[in-house]
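Visitor: Next up, model.csv (CSV, C-alpha atoms and all ligand atoms).
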chain,number,residue,atom,x,y,z
T,123,MET,CA,-29.1,0.7,9.6
T,124,SER,CA,-28.4,0.7,13.4
T,125,THR,CA,-30.1,0.0,16.6
T,126,THR,CA,-29.1,0.8,20.2
T,127,LEU,CA,-27.8,-2.2,22.0
T,128,ASN,CA,-29.6,-3.3,25.1
T,129,PRO,CA,-26.6,-4.1,27.4
T,130,LEU,CA,-28.7,-6.6,29.3
T,131,ALA,CA,-29.2,-8.6,26.2
T,132,ASN,CA,-25.4,-9.3,25.9
T,133,PRO,CA,-24.2,-12.7,27.0
T,134,ARG,CA,-22.5,-12.3,30.3
T,135,GLY,CA,-18.8,-11.7,30.0
T,136,ALA,CA,-18.9,-10.9,26.3
T,137,LYS,CA,-17.6,-7.3,25.8
T,138,LYS,CA,-18.8,-5.6,22.7
T,139,LEU,CA,-16.1,-3.4,21.2
T,140,CYS,CA,-16.2,-0.8,18.4
T,141,GLU,CA,-15.0,-2.2,15.1
T,142,LEU,CA,-13.0,0.9,14.4
T,143,CYS,CA,-11.6,2.2,17.7
T,144,GLN,CA,-12.0,-0.9,20.0
T,145,LYS,CA,-13.8,1.3,22.6
T,146,PRO,CA,-17.0,-0.1,24.3
T,147,ALA,CA,-19.7,-0.4,21.7
T,148,TYR,CA,-23.4,0.8,22.0
T,149,LEU,CA,-24.6,0.2,18.4
T,150,GLN,CA,-24.8,-2.9,16.3
T,151,CYS,CA,-25.0,-3.5,12.5
T,152,ASN,CA,-28.6,-4.4,11.9
T,153,ASN,CA,-27.8,-6.6,8.9
T,154,CYS,CA,-25.1,-9.0,10.3
T,155,ARG,CA,-25.7,-8.4,14.0
T,156,VAL,CA,-22.1,-9.4,14.7
T,157,THR,CA,-20.4,-6.0,14.3
T,158,PHE,CA,-20.5,-3.3,16.9
T,159,TYR,CA,-19.7,0.5,17.1
T,160,CYS,CA,-19.2,3.2,19.7
T,161,ASP,CA,-21.2,5.7,17.7
T,162,THR,CA,-22.9,6.4,14.4
T,163,GLU,CA,-19.9,8.2,13.0
T,164,HIS,CA,-17.7,5.1,13.3
T,165,GLN,CA,-20.5,2.9,12.0
T,166,GLN,CA,-20.8,5.2,8.9
T,167,ALA,CA,-17.1,5.3,8.4
T,168,ASP,CA,-16.8,1.5,8.6
T,169,TRP,CA,-19.7,1.1,6.2
T,170,VAL,CA,-18.2,3.3,3.5
T,171,GLY,CA,-14.7,1.9,4.1
T,172,ILE,CA,-15.4,-1.8,4.0
T,173,HIS,CA,-18.4,-3.1,5.9
T,174,ASP,CA,-20.8,-2.7,3.0
T,175,LYS,CA,-18.7,-5.4,1.1
T,176,VAL,CA,-18.1,-7.9,3.9
T,177,CYS,CA,-21.2,-7.5,6.2
T,178,GLN,CA,-22.7,-10.9,5.1
T,179,LEU,CA,-19.3,-12.6,5.0
T,180,LEU,CA,-18.8,-11.8,8.7
T,181,ILE,CA,-21.9,-13.6,9.9
T,182,PRO,CA,-20.5,-17.2,9.7
T,183,ILE,CA,-17.0,-16.1,10.9
T,184,ARG,CA,-18.2,-14.2,14.0
T,185,SER,CA,-21.3,-16.2,15.0
T,186,ALA,CA,-21.0,-18.6,18.0
T,187,VAL,CA,-19.6,-22.0,17.0
T,188,PRO,CA,-22.4,-24.4,16.5
T,189,PHE,CA,-22.2,-27.5,18.7
T,190,HIS,CA,-20.8,-30.6,16.8
T,191,SER,CA,-20.5,-33.9,18.5
T,192,LEU,CA,-18.4,-35.4,15.8
T,193,GLN,CA,-14.7,-34.5,15.5
T,194,SER,CA,-15.0,-34.6,11.6
T,195,ASP,CA,-17.8,-32.0,11.8
T,196,ARG,CA,-15.7,-29.8,14.1
T,197,ASP,CA,-12.7,-30.1,11.6
T,198,LEU,CA,-14.9,-29.2,8.7
T,199,HIS,CA,-16.3,-26.2,10.5
T,200,GLN,CA,-12.8,-25.1,11.4
T,201,SER,CA,-11.5,-25.4,7.8
T,202,GLN,CA,-14.5,-23.6,6.4
T,203,THR,CA,-14.0,-20.7,8.9
T,204,ARG,CA,-10.3,-20.5,8.0
T,205,HIS,CA,-11.1,-20.3,4.3
T,206,ARG,CA,-13.7,-17.5,4.9
T,207,GLN,CA,-11.1,-15.6,7.0
T,208,GLU,CA,-8.5,-15.8,4.3
T,209,GLN,CA,-11.1,-14.5,1.8
T,210,LEU,CA,-11.9,-11.7,4.2
T,211,ILE,CA,-8.2,-10.7,4.5
T,212,GLU,CA,-7.9,-10.7,0.7
T,213,ILE,CA,-11.0,-8.7,0.0
T,214,SER,CA,-10.3,-6.1,2.7
T,215,ARG,CA,-6.7,-5.8,1.5
T,216,SER,CA,-7.7,-5.2,-2.1
T,217,VAL,CA,-10.4,-2.7,-1.1
T,218,ALA,CA,-7.8,-0.8,1.0
T,219,GLN,CA,-5.3,-0.8,-1.8
T,220,ASN,CA,-7.8,0.5,-4.3
T,221,LYS,CA,-8.8,3.4,-2.0
T,222,LEU,CA,-5.1,4.2,-1.5
T,223,PHE,CA,-4.6,4.4,-5.3
T,224,GLU,CA,-7.5,6.7,-5.5
T,225,GLY,CA,-6.0,8.9,-2.8
T,226,LYS,CA,-8.8,8.2,-0.3
T,227,PHE,CA,-6.5,7.7,2.7
T,228,GLN,CA,-9.0,8.1,5.5
T,229,GLU,CA,-11.5,5.8,3.7
T,230,SER,CA,-8.9,3.1,3.3
T,231,LEU,CA,-8.3,2.8,7.1
T,232,PRO,CA,-11.3,0.5,8.0
T,233,ALA,CA,-10.4,-2.0,5.4
T,234,SER,CA,-6.7,-2.1,6.3
T,235,LEU,CA,-7.6,-2.5,10.0
T,236,LEU,CA,-10.0,-5.3,9.3
T,237,SER,CA,-7.3,-7.0,7.2
T,238,LEU,CA,-4.8,-6.6,10.0
T,239,ARG,CA,-7.0,-7.9,12.8
T,240,CYS,CA,-8.2,-10.9,10.7
T,241,ALA,CA,-4.6,-11.8,9.7
T,242,MET,CA,-3.7,-11.7,13.5
T,243,ASP,CA,-6.5,-14.1,14.3
T,244,VAL,CA,-5.5,-16.5,11.5
T,245,TYR,CA,-1.7,-16.3,11.6
T,246,GLY,CA,-0.8,-15.0,15.1
T,247,PRO,CA,0.5,-11.6,16.2
T,248,SER,CA,4.1,-11.7,14.7
T,249,ALA,CA,3.6,-13.5,11.4
T,250,ALA,CA,5.0,-12.2,8.1
T,251,SER,CA,1.5,-12.4,6.7
T,252,LEU,CA,0.7,-9.3,8.7
T,253,VAL,CA,3.2,-7.1,6.9
T,254,PRO,CA,1.0,-6.2,3.9
T,255,ALA,CA,-1.7,-4.8,6.3
T,256,TYR,CA,1.0,-2.8,8.2
T,257,LEU,CA,2.2,-1.4,4.9
T,258,LEU,CA,-1.4,-0.4,3.9
T,259,LEU,CA,-1.9,1.4,7.2
T,260,ALA,CA,1.5,3.1,7.0
T,261,GLU,CA,0.8,4.3,3.4
T,262,ALA,CA,-2.6,5.7,4.5
T,263,ASN,CA,-1.0,7.5,7.4
T,264,VAL,CA,1.7,9.0,5.3
T,265,GLY,CA,-1.1,10.2,3.0
T,266,LEU,CA,-2.9,11.7,5.9
T,267,GLY,CA,0.2,13.4,7.3
T,268,SER,CA,0.1,11.3,10.5
T,269,LEU,CA,3.8,10.5,10.1
T,270,ALA,CA,4.4,9.3,13.7
T,271,GLN,CA,1.6,6.7,13.3
T,272,ALA,CA,3.0,5.7,9.9
T,273,GLU,CA,6.5,5.2,11.4
T,274,LYS,CA,4.9,3.0,14.1
T,275,TYR,CA,3.4,0.7,11.6
T,276,LEU,CA,6.5,0.7,9.4
T,277,SER,CA,8.8,-0.3,12.3
T,278,GLN,CA,6.4,-3.2,13.2
T,279,ALA,CA,6.6,-4.2,9.5
T,280,GLU,CA,10.4,-3.9,9.5
T,281,TRP,CA,10.8,-5.8,12.7
T,282,THR,CA,8.6,-8.7,11.3
T,283,VAL,CA,10.5,-8.8,8.1
T,284,THR,CA,13.9,-8.9,9.9
T,285,LYS,CA,12.6,-11.8,12.0
T,286,THR,CA,11.4,-13.7,8.9
T,287,PRO,CA,14.5,-14.7,6.8
T,288,ASP,CA,12.3,-16.4,4.1
T,289,CYS,CA,10.1,-13.3,3.8
T,290,SER,CA,9.1,-12.8,0.1
T,291,GLN,CA,10.9,-10.3,-2.2
T,292,ALA,CA,7.5,-8.7,-2.9
T,293,VAL,CA,7.0,-7.9,0.8
T,294,ARG,CA,10.6,-6.5,1.2
T,295,ARG,CA,10.1,-4.4,-1.9
T,296,GLN,CA,6.8,-2.9,-0.6
T,297,LEU,CA,8.4,-2.3,2.8
T,298,HIS,CA,11.2,-0.2,1.2
T,299,ARG,CA,8.7,1.6,-1.0
T,300,ASN,CA,6.7,2.6,2.0
T,301,LEU,CA,9.9,3.6,4.0
T,302,GLY,CA,10.8,5.8,1.0
T,303,ARG,CA,7.4,7.4,1.0
T,304,LEU,CA,7.7,8.2,4.7
T,305,TYR,CA,11.2,9.6,4.3
T,306,THR,CA,10.0,11.8,1.4
T,307,SER,CA,7.3,13.2,3.6
T,308,THR,CA,9.6,13.9,6.5
T,309,GLY,CA,12.1,15.6,4.2
T,310,ASN,CA,14.8,12.9,4.6
T,311,LEU,CA,15.4,12.8,0.8
T,312,LYS,CA,18.7,10.9,1.1
T,313,GLY,CA,16.9,8.2,3.1
T,314,ALA,CA,14.1,8.2,0.6
T,315,LEU,CA,16.4,7.7,-2.3
T,316,LEU,CA,18.2,4.8,-0.5
T,317,SER,CA,14.8,3.1,0.2
T,318,PHE,CA,13.5,3.5,-3.3
T,319,ALA,CA,16.9,2.1,-4.6
T,320,ASN,CA,16.3,-1.0,-2.5
T,321,ASP,CA,12.8,-1.2,-3.8
T,322,VAL,CA,14.2,-1.1,-7.4
T,323,TYR,CA,16.8,-3.7,-6.4
T,324,TYR,CA,14.2,-6.2,-5.1
T,325,ALA,CA,11.8,-5.5,-8.0
T,326,SER,CA,14.5,-6.0,-10.7
T,327,ASP,CA,15.5,-9.2,-9.0
T,328,GLU,CA,12.0,-10.5,-9.2
T,329,TYR,CA,10.7,-9.0,-12.5
T,330,GLY,CA,13.8,-7.8,-14.4
T,331,LEU,CA,14.8,-4.2,-15.1
T,332,ASP,CA,12.5,-3.5,-18.0
T,333,ASN,CA,9.3,-4.0,-16.1
T,334,ILE,CA,6.5,-1.7,-14.9
T,335,VAL,CA,6.9,-2.8,-11.3
T,336,THR,CA,10.6,-2.0,-11.3
T,337,LYS,CA,9.9,1.3,-13.0
T,338,GLY,CA,7.5,2.2,-10.3
T,339,GLY,CA,10.5,2.6,-8.0
T,340,TYR,CA,12.3,4.6,-10.7
T,341,PHE,CA,9.3,7.0,-10.9
T,342,LEU,CA,9.4,7.6,-7.1
T,343,MET,CA,13.2,8.2,-7.3
T,344,ALA,CA,12.7,10.7,-10.1
T,345,ASN,CA,10.1,12.5,-7.9
T,346,VAL,CA,12.8,12.8,-5.2
T,347,PHE,CA,15.4,14.1,-7.6
T,348,MET,CA,12.8,16.8,-8.7
T,349,LYS,CA,12.5,17.9,-5.1
T,350,GLN,CA,16.3,18.1,-4.9
T,351,GLU,CA,16.3,20.2,-8.1
T,352,LYS,CA,18.4,17.6,-9.9
T,353,LYS,CA,16.1,17.9,-12.9
T,354,ASP,CA,18.5,16.2,-15.5
T,355,ILE,CA,18.6,12.9,-13.5
T,356,ALA,CA,14.8,13.2,-12.9
T,357,HIS,CA,14.0,13.7,-16.6
T,358,SER,CA,16.2,10.8,-17.7
T,359,MET,CA,14.5,8.5,-15.1
T,360,TYR,CA,11.0,9.7,-16.1
T,361,ALA,CA,12.0,8.9,-19.7
T,362,GLU,CA,12.9,5.3,-18.7
T,363,VAL,CA,9.5,5.0,-17.0
T,364,ALA,CA,7.6,6.3,-20.0
T,365,LYS,CA,9.5,4.0,-22.4
T,366,THR,CA,8.7,0.8,-20.3
T,367,TRP,CA,5.0,1.8,-19.8
T,368,HIS,CA,4.7,2.6,-23.5
T,369,SER,CA,5.9,-0.7,-24.7
T,370,HIS,CA,3.9,-2.6,-22.0
T,371,LEU,CA,0.7,-0.9,-23.1
T,372,THR,CA,1.5,-1.4,-26.8
T,373,ARG,CA,1.8,-5.1,-26.2
T,374,LEU,CA,-1.5,-5.2,-24.3
T,375,VAL,CA,-3.3,-3.3,-27.1
T,376,GLU,CA,-1.9,-5.6,-29.7
T,377,ALA,CA,-3.0,-8.7,-27.7
T,378,HIS,CA,-6.4,-7.1,-27.2
T,379,THR,CA,-7.0,-6.4,-30.9
T,380,GLN,CA,-5.6,-9.8,-32.0
T,381,SER,CA,-7.6,-11.9,-29.7
T,382,SER,CA,-10.3,-9.6,-28.5
T,383,ILE,CA,-10.3,-11.3,-25.1
T,384,SER,CA,-11.0,-9.3,-22.0
T,385,LEU,CA,-7.9,-8.0,-20.3
T,386,GLU,CA,-9.5,-7.8,-16.9
T,387,PRO,CA,-7.2,-10.4,-15.2
T,388,CYS,CA,-3.9,-8.7,-16.2
T,389,PHE,CA,-5.0,-5.1,-15.6
T,390,ASP,CA,-7.1,-4.3,-12.6
T,391,GLU,CA,-8.6,-1.0,-11.6
T,392,ALA,CA,-6.0,-0.3,-8.9
T,393,GLN,CA,-3.1,-0.7,-11.4
T,394,ARG,CA,-5.0,1.4,-13.9
T,395,THR,CA,-5.4,4.2,-11.3
T,396,GLU,CA,-1.7,4.0,-10.4
T,397,ALA,CA,-0.6,4.1,-14.0
T,398,ASP,CA,-3.0,7.0,-14.8
T,399,GLN,CA,-1.5,9.1,-11.9
T,400,MET,CA,2.0,8.3,-12.8
T,401,LEU,CA,1.6,9.2,-16.5
T,402,LYS,CA,-0.3,12.4,-15.6
T,403,THR,CA,2.5,13.5,-13.2
T,404,MET,CA,5.0,13.0,-16.0
T,405,LEU,CA,2.9,15.1,-18.3
T,406,GLU,CA,2.7,17.9,-15.6
T,407,VAL,CA,6.4,17.8,-15.2
T,408,GLN,CA,6.7,18.4,-19.0
T,409,ALA,CA,4.2,21.2,-18.9
T,410,GLN,CA,6.4,23.0,-16.2
T,411,ASN,CA,9.6,22.3,-18.1
T,412,ASN,CA,11.1,25.3,-19.8
T,413,LYS,CA,12.4,23.1,-22.7
T,414,GLN,CA,9.6,20.7,-23.5
T,415,ASP,CA,10.5,17.2,-24.6
T,416,VAL,CA,8.0,16.6,-27.4
T,417,ALA,CA,9.1,12.9,-27.8
T,418,GLN,CA,8.4,12.3,-24.1
T,419,ILE,CA,5.0,14.1,-24.4
T,420,ALA,CA,4.1,11.9,-27.4
T,421,LEU,CA,5.0,8.7,-25.5
T,422,VAL,CA,3.2,9.7,-22.4
T,423,THR,CA,0.0,10.9,-24.1
T,424,HIS,CA,-0.1,7.8,-26.3
T,425,SER,CA,0.3,5.6,-23.2
T,426,LEU,CA,-2.6,7.5,-21.6
T,427,ALA,CA,-4.7,6.9,-24.7
T,428,MET,CA,-3.9,3.2,-24.7
T,429,LEU,CA,-4.6,3.0,-20.9
T,430,TRP,CA,-8.0,4.5,-21.4
T,431,PHE,CA,-8.7,2.5,-24.5
T,432,LEU,CA,-8.0,-0.7,-22.5
T,433,GLY,CA,-10.1,0.7,-19.7
T,434,GLY,CA,-13.1,1.0,-22.0
T,435,SER,CA,-13.2,4.8,-22.1
T,436,ARG,CA,-13.3,5.7,-25.8
T,437,ASN,CA,-13.7,9.4,-25.3
T,438,LYS,CA,-10.6,9.8,-23.2
T,439,ALA,CA,-8.7,7.4,-25.5
T,440,VAL,CA,-9.5,9.7,-28.4
T,441,GLU,CA,-8.7,12.9,-26.5
T,442,PHE,CA,-5.2,11.7,-25.5
T,443,GLY,CA,-4.7,10.0,-28.9
T,444,ARG,CA,-5.2,13.3,-30.7
T,445,LYS,CA,-2.7,15.1,-28.4
T,446,ALA,CA,-0.3,12.2,-28.9
T,447,ARG,CA,-0.6,12.4,-32.7
T,448,GLN,CA,0.0,16.1,-32.6
T,449,ALA,CA,3.2,15.7,-30.5
T,450,SER,CA,4.5,12.7,-32.6
T,451,GLN,CA,4.2,14.7,-35.8
T,452,LEU,CA,6.4,17.4,-34.3
T,453,VAL,CA,9.2,14.9,-33.4
T,454,PRO,CA,8.7,13.6,-36.1
T,455,ASP,CA,8.4,9.9,-35.6
T,456,PRO,CA,6.4,8.2,-38.5
T,457,SER,CA,6.2,4.8,-36.9
T,458,LEU,CA,4.8,6.3,-33.6
T,459,THR,CA,2.4,8.5,-35.5
T,460,GLU,CA,1.2,5.4,-37.4
T,461,SER,CA,0.7,3.4,-34.2
T,462,ILE,CA,-1.3,6.3,-32.7
T,463,GLN,CA,-3.4,6.6,-35.9
T,464,ARG,CA,-4.3,2.9,-35.6
T,465,LEU,CA,-5.4,3.4,-32.0
T,466,LEU,CA,-7.5,6.4,-32.9
T,467,LEU,CA,-9.2,4.2,-35.6
T,468,LEU,CA,-9.9,1.5,-33.0
T,469,ALA,CA,-11.1,3.9,-30.3
T,470,GLY,CA,-12.9,6.3,-32.8
T,471,PRO,CA,-16.6,6.9,-32.8
T,472,ASP,CA,-18.5,3.6,-32.7
T,473,PRO,CA,-20.1,3.1,-36.2
T,474,HIS,CA,-22.9,1.1,-34.6
T,475,PRO,CA,-23.6,2.9,-31.3
T,476,THR,CA,-25.8,1.1,-28.9
T,477,GLN,CA,-27.6,2.5,-25.9
T,478,ALA,CA,-25.1,1.1,-23.5
T,479,SER,CA,-22.1,2.8,-25.1
T,501,ZN,ZN,-15.4,3.7,17.7
T,502,ZN,ZN,-23.0,-5.9,9.2
Any chance you could put this one into structure tokens?

Guide:
Amino acid sequence: MSTTLNPLANPRGAKKLCELCQKPAYLQCNNCRVTFYCDTEHQQADWVGIHDKVCQLLIPIRSAVPFHSLQSDRDLHQSQTRHRQEQLIEISRSVAQNKLFEGKFQESLPASLLSLRCAMDVYGPSAASLVPAYLLLAEANVGLGSLAQAEKYLSQAEWTVTKTPDCSQAVRRQLHRNLGRLYTSTGNLKGALLSFANDVYYASDEYGLDNIVTKGGYFLMANVFMKQEKKDIAHSMYAEVAKTWHSHLTRLVEAHTQSSISLEPCFDEAQRTEADQMLKTMLEVQAQNNKQDVAQIALVTHSLAMLWFLGGSRNKAVEFGRKARQASQLVPDPSLTESIQRLLLLAGPDPHPTQAS
């Protein structure tokens, strides 16, 4: 995968820097030949983190500009390069986001760094378009416990947002969510609650109160209330989160069974991972609760069953569906039991199993 660079073969004046740490590079990627590393460790980390997915895409972006005598050819080349760079920013951002949702903080860094550097090339060093990459880097560093580093990225993001009055609500919301996560980690729970409340404010302005994005902020606030031992507030907020997710997933399952069209576009892997973790946390909270709330357990396990059904995992859908049915019979809630029963029939053993399933 790698070869040692012959320094004499480098064009004079062109300094090769490591893709990850920006130190002088001695290795090059053998596939694209336009990406360089200081050592095999950084090459391996970059390959796993992002390079595997963008190696070929980098060739036309990073290769020397071919000579065009016509202005129209130069313009065409420039617009093609810009389009490829924007693609690269998007791909690396979504790869980083997915890794964060999976809790792979270290592995998310190469993709976030690539997204940031490429956005700097395209939009300049102080553009609002850089903020999403700063936020990814901050989130990864919070996850890794590198709080000083996270704070550095967040203040850069905050500074950029302050300087950009027309900055989108979505970016402001994400900034506050990340500030909240940082404050949670540093033990500044008051600051965390204030930041998550801002997150909820911007989200409800954009999506309304009864929305899964807005309830993401509720969930994080509830986690903080749990840390503060304010369990009653926490439980009532978790209940709100569960209710919204339950009706959202119910609508999706209904749409799915009525039209049998693929749900891929409105439910990607990253959202599924986030939802899965949120619902499982709420289930754990119930397991540790002295006075278990069976209705909440029924809603959450039914939501997990629907989530896995939509994700194509019949076994898990059935597993959670059975738990949900058991809980709903204890409430008792006949209409919920009926809805769970329908899902179990849908997700139940395939009467015509094929090799693929
Ligand atoms: Zn390096
Ligand atoms: Zn490569």

Visitor: Can you tell me, as a PyMOL selection string, what residues are no more than 12 Å from Asp243 (chain T) when counting all atoms listed in the file, ignoring any on the same chain fewer than 5 positions away?

Guide: chain T and resi 183-184+203-204+207-208+210-211+236-238+248-249+251-252

Visitor: Have a look at CA of Phe442 (chain T) and CA of Thr372 (chain T) and let me know their distance in Å, one decimal.

Guide: 14.8 Å

Visitor: Could you give me the residues within 6 Å of ligand ZN 502 (chain T), counting only C-alpha atoms and all ligand atoms, as an mmCIF file with C-alpha atoms, in the coordinates of the input?

Guide:
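The resulting file, selection_23.cif, is reproduced below:
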data_model
loop_
_atom_site.group_PDB
_atom_site.id
_atom_site.type_symbol
_atom_site.label_atom_id
_atom_site.label_comp_id
_atom_site.auth_asym_id
_atom_site.auth_seq_id
_atom_site.Cartn_x
_atom_site.Cartn_y
_atom_site.Cartn_z
ATOM 1 C CA CYS T 151 -25.000 -3.500 12.500
ATOM 2 C CA ASN T 153 -27.800 -6.600 8.900
ATOM 3 C CA CYS T 154 -25.100 -9.000 10.300
ATOM 4 C CA THR T 157 -20.400 -6.000 14.300
ATOM 5 C CA CYS T 177 -21.200 -7.500 6.200
#

Visitor: List all protein, DNA and RNA residues that have an atom no more than 9 Å from any atom of ligand ZN 501 (chain T), counting only C-alpha atoms and all ligand atoms, and report them as a ChimeraX atom specification.

Guide: /T:139-147,158-165

Visitor: Take the residues from that selection and write them out as a PDB file, keeping the file's coordinate frame, keeping C-alpha atoms.

Guide:
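As written to disk, out_19.pdb reads:
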ATOM      1  CA  LEU T 139     -16.100  -3.400  21.200  1.00  0.00           C
ATOM      2  CA  CYS T 140     -16.200  -0.800  18.400  1.00  0.00           C
ATOM      3  CA  GLU T 141     -15.000  -2.200  15.100  1.00  0.00           C
ATOM      4  CA  LEU T 142     -13.000   0.900  14.400  1.00  0.00           C
ATOM      5  CA  CYS T 143     -11.600   2.200  17.700  1.00  0.00           C
ATOM      6  CA  GLN T 144     -12.000  -0.900  20.000  1.00  0.00           C
ATOM      7  CA  LYS T 145     -13.800   1.300  22.600  1.00  0.00           C
ATOM      8  CA  PRO T 146     -17.000  -0.100  24.300  1.00  0.00           C
ATOM      9  CA  ALA T 147     -19.700  -0.400  21.700  1.00  0.00           C
ATOM     10  CA  PHE T 158     -20.500  -3.300  16.900  1.00  0.00           C
ATOM     11  CA  TYR T 159     -19.700   0.500  17.100  1.00  0.00           C
ATOM     12  CA  CYS T 160     -19.200   3.200  19.700  1.00  0.00           C
ATOM     13  CA  ASP T 161     -21.200   5.700  17.700  1.00  0.00           C
ATOM     14  CA  THR T 162     -22.900   6.400  14.400  1.00  0.00           C
ATOM     15  CA  GLU T 163     -19.900   8.200  13.000  1.00  0.00           C
ATOM     16  CA  HIS T 164     -17.700   5.100  13.300  1.00  0.00           C
ATOM     17  CA  GLN T 165     -20.500   2.900  12.000  1.00  0.00           C
TER      18      GLN T 165
END

Visitor: Nearest residue to Gln166 (chain T) out of T:Val440, T:Pro232, T:Gln202, T:Ala392, using all atoms listed in the file?

Guide: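 Closest to Gln166 (chain T) of all the choices is T:Pro232.
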
Visitor: What's around Ala272 (chain T) at 8 Å? Count only C-alpha atoms, leave out sequence neighbours fewer than 4 positions away in its own chain, and write the answer as a VMD selection string.

Guide: chain T and resid 259 to 264 268 276 304

Visitor: Check the smallest atom-to-atom distance from each of T:Asn220, T:Gln200, T:His424, T:Ala439 to Ser461 (chain T) using all atoms listed in the file, then report the winner.

Guide: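 Smallest distance to Ser461 (chain T) is found for T:His424.
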
Visitor: Report as a tab-separated table: every residue of region 292-339 of chain T with an atom at most 10 Å from region 279-286 of chain T, its closest pair of atoms, and their distance in Å to one decimal, counting only C-alpha atoms, with rows sorted by chain and ascending residue number.

Guide:
residue	atom	partner	partner_atom	distance
T:Val293	CA	T:Val283	CA	8.1
T:Arg294	CA	T:Val283	CA	7.3
T:Leu297	CA	T:Glu280	CA	7.2
T:His298	CA	T:Glu280	CA	9.1
T:Leu301	CA	T:Glu280	CA	9.3
